[in-house]
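Quick notes on the structure that follows.
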Amino acid sequence: MAPAGFWGAAGRRNGEKMDNKKAVVSLGHEALGVTTNEQKNATKVTAKALADLIEAGYQLVITHSNGPQVSMIHKAMTELHRIYIDYTPAPMCVCNAMSQGYVGFDIQNSLKTELTSRGISTPVSTILTQVTVDPYDEAFYAPTKAIGRNMSKEDADTEVKKGNFVREEPGNGYRRIIAAPKPIDIVEIDAIRALVDAGQEVIACGGGGIPVIEQGHVLKGASAVIEKDAIAGKLAADLKADRLIILTSVPYVYLNYETPEETPIARMTVTEAQKYIRDGEFGEVDMLPKIEAAIEFLSANPDGSVLITSLTSVADALKGKAGTMIVNG
């Protein structure tokens, strides 16, 4: 287990300024819910966990998932075009931008309300964030991320004729699939850094960021999504954060997950993590991206550390009673 003092200072109240440690926090689907009402209620709970971290002496840069949200927006805009043909369907980059604003709005207001109730006057801001990707990334030739509505065979054929990829989902028709390329650069990193230097809590790179391709001096939206764990690791590295905190659905990283031999890992080195990856210990769509993000961050910031735990276990993690800590070694 992490020692009780792992989380550091006693935090701040009543607007008191302190030399806080910088942490990038990555929020998963459980922190946001799915529907608009679920999200509004979920972010109130999430805000309490984030405020606990702030009180414990951390200045936060918060990023988050957006799978259900961007899918909902994409479906809505597609259906609008189907009903009113004069409305142009919104490209994925626009749907990503909409989801950043919509999710950021709820997190920002919920966190500010929670902080104010605790006598903390720190400002909270959301930055609409673009992230460059390589147009020749292999992910564009083998997309995997399902998005939007279920379609008939006829509609799926129409998408294919447009140059889009689709995948059959037995019993549910077809869905469009898009690429998840690796992030290259965070376009607004200087703006994020300026707000952090000004002492604000910042929400940035929501949903992995809006994927864009550089064409000369122009940024063109890409039909893609970026893994939020991948951008969390890069964001933490770029900001030279002290800690990357990944909040997910489980209180620990486990060996032999969901088997009778399941064992929680309280502490793990990068070398051990790499061995576990080779051994196939981590699920490709859930835990593996988080471990890879941890390794990327620690490679860039050897003195940093990573905590992976669940949203509901943050209070225990603050006491050194939950969570998996990953360090260099």
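Letters for chains follow the order of the structure tokens (A, B, ...), residue numbers begin at 1 for each chain, and ligand numbers begin at 1 in the order shown.
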
Looking only at alpha helix (DSSP H) from DSSP on the backbone, list the matching residues of stretch 42-210 of chain A as a PyMOL selection string.
-> chain A and resi 42-55+67-83+92-117+153-161+189-197

Shell of 10 Å around A:Asp286, only C-alpha atoms, local chain residues under 5 positions omitted, as a VMD selection string | chain A and resid 229 248 to 249 291

Atomic distance atom CA of A:Arg267 - atom CA of A:Val314, expressed in Å with one decimal = 16.0 Å

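With only C-alpha atoms as the atoms that count, the residue of A:Met77, A:Ala139, A:Gly323, A:Asp86 with the shortest distance to A:Leu247 is A:Gly323.
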
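Minimum distance to A:Leu298 across A:Glu38, A:Glu227, A:Asp106, A:Asp242 (counting only C-alpha atoms) occurs at A:Asp242.
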
Contacts of A:Glu138 at 10 Å or less, counting only C-alpha atoms, minus same-chain residues fewer than 6 places along, as a ChimeraX atom specification?
-> /A:179-182

Within 10 Å of A:Gly329 using only C-alpha atoms, minus same-chain residues under 5 positions, as a count of residues only | 8

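When only C-alpha atoms are used to measure the gap to A:Ile231, the shortest distance among A:Ser121, A:Gln130, A:Gln108, A:Gln39 belongs to A:Gln130.
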
Using backbone DSSP assignments, extract all strand (DSSP E or B) residues from stretch 74-300 of chain A; output them as a ChimeraX atom specification.
-> /A:124-126,130-132,145-151,165-168,174-179,185-186,201-203,210-215,218-221,224,243-248,253-255,263-265,267-269

Excluding A:Ala76 and residues on its chain fewer than 2 positions from it, collect all residues at most 10 Å away from it, counting only C-alpha atoms, and give them as a count of residues only.
-> 15

Can you pull out every residue within 8 Å of A:Glu281, counting only C-alpha atoms, but drop anything in the same chain fewer than 2 positions away, and send it as a CSV table (one decimal) with C-alpha atoms, in the first residue's frame?
chain,number,residue,atom,x,y,z
A,255,LEU,CA,-3.3,-9.4,-11.7
A,256,ASN,CA,-5.5,-12.3,-13.0
A,257,TYR,CA,-8.4,-9.9,-13.2
A,276,TYR,CA,2.8,-7.6,-17.0
A,277,ILE,CA,2.0,-6.1,-20.4
A,278,ARG,CA,4.2,-8.8,-22.1
A,279,ASP,CA,2.4,-11.4,-20.0
A,283,GLY,CA,-7.3,-5.8,-21.0

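In this comparison, which uses only C-alpha atoms, the residue of A:Lys321, A:Lys44, A:Lys275, A:Lys228 approaching A:Lys290 most closely is A:Lys228.
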
Computed interatomic separation between atom CA of A:Lys112 and atom CA of A:Ala237 (Å) | 25.9 Å

Please measure the separation of atom CA of A:Lys319 and atom CA of A:Ala294, giving the value in Å to one decimal.
-> 21.6 Å

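Counting only C-alpha atoms and comparing A:Ala322, A:Ile246, A:Leu128, A:Ile265, the residue that lies closest to A:Gly206 is A:Leu128.
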
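Residue nearest A:Ile189, chosen from A:Val327, A:Asp157, A:Tyr58, A:Thr132 and counting only C-alpha atoms: A:Thr132.
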
Excluding A:Thr312 and any residue of its chain fewer than 2 positions from it, enumerate the residues within 9 Å of it, using only C-alpha atoms, and give them as JSON, numbers by chain.
-> {"A": [46, 49, 247, 249, 250, 251, 309, 310, 314, 315, 316]}
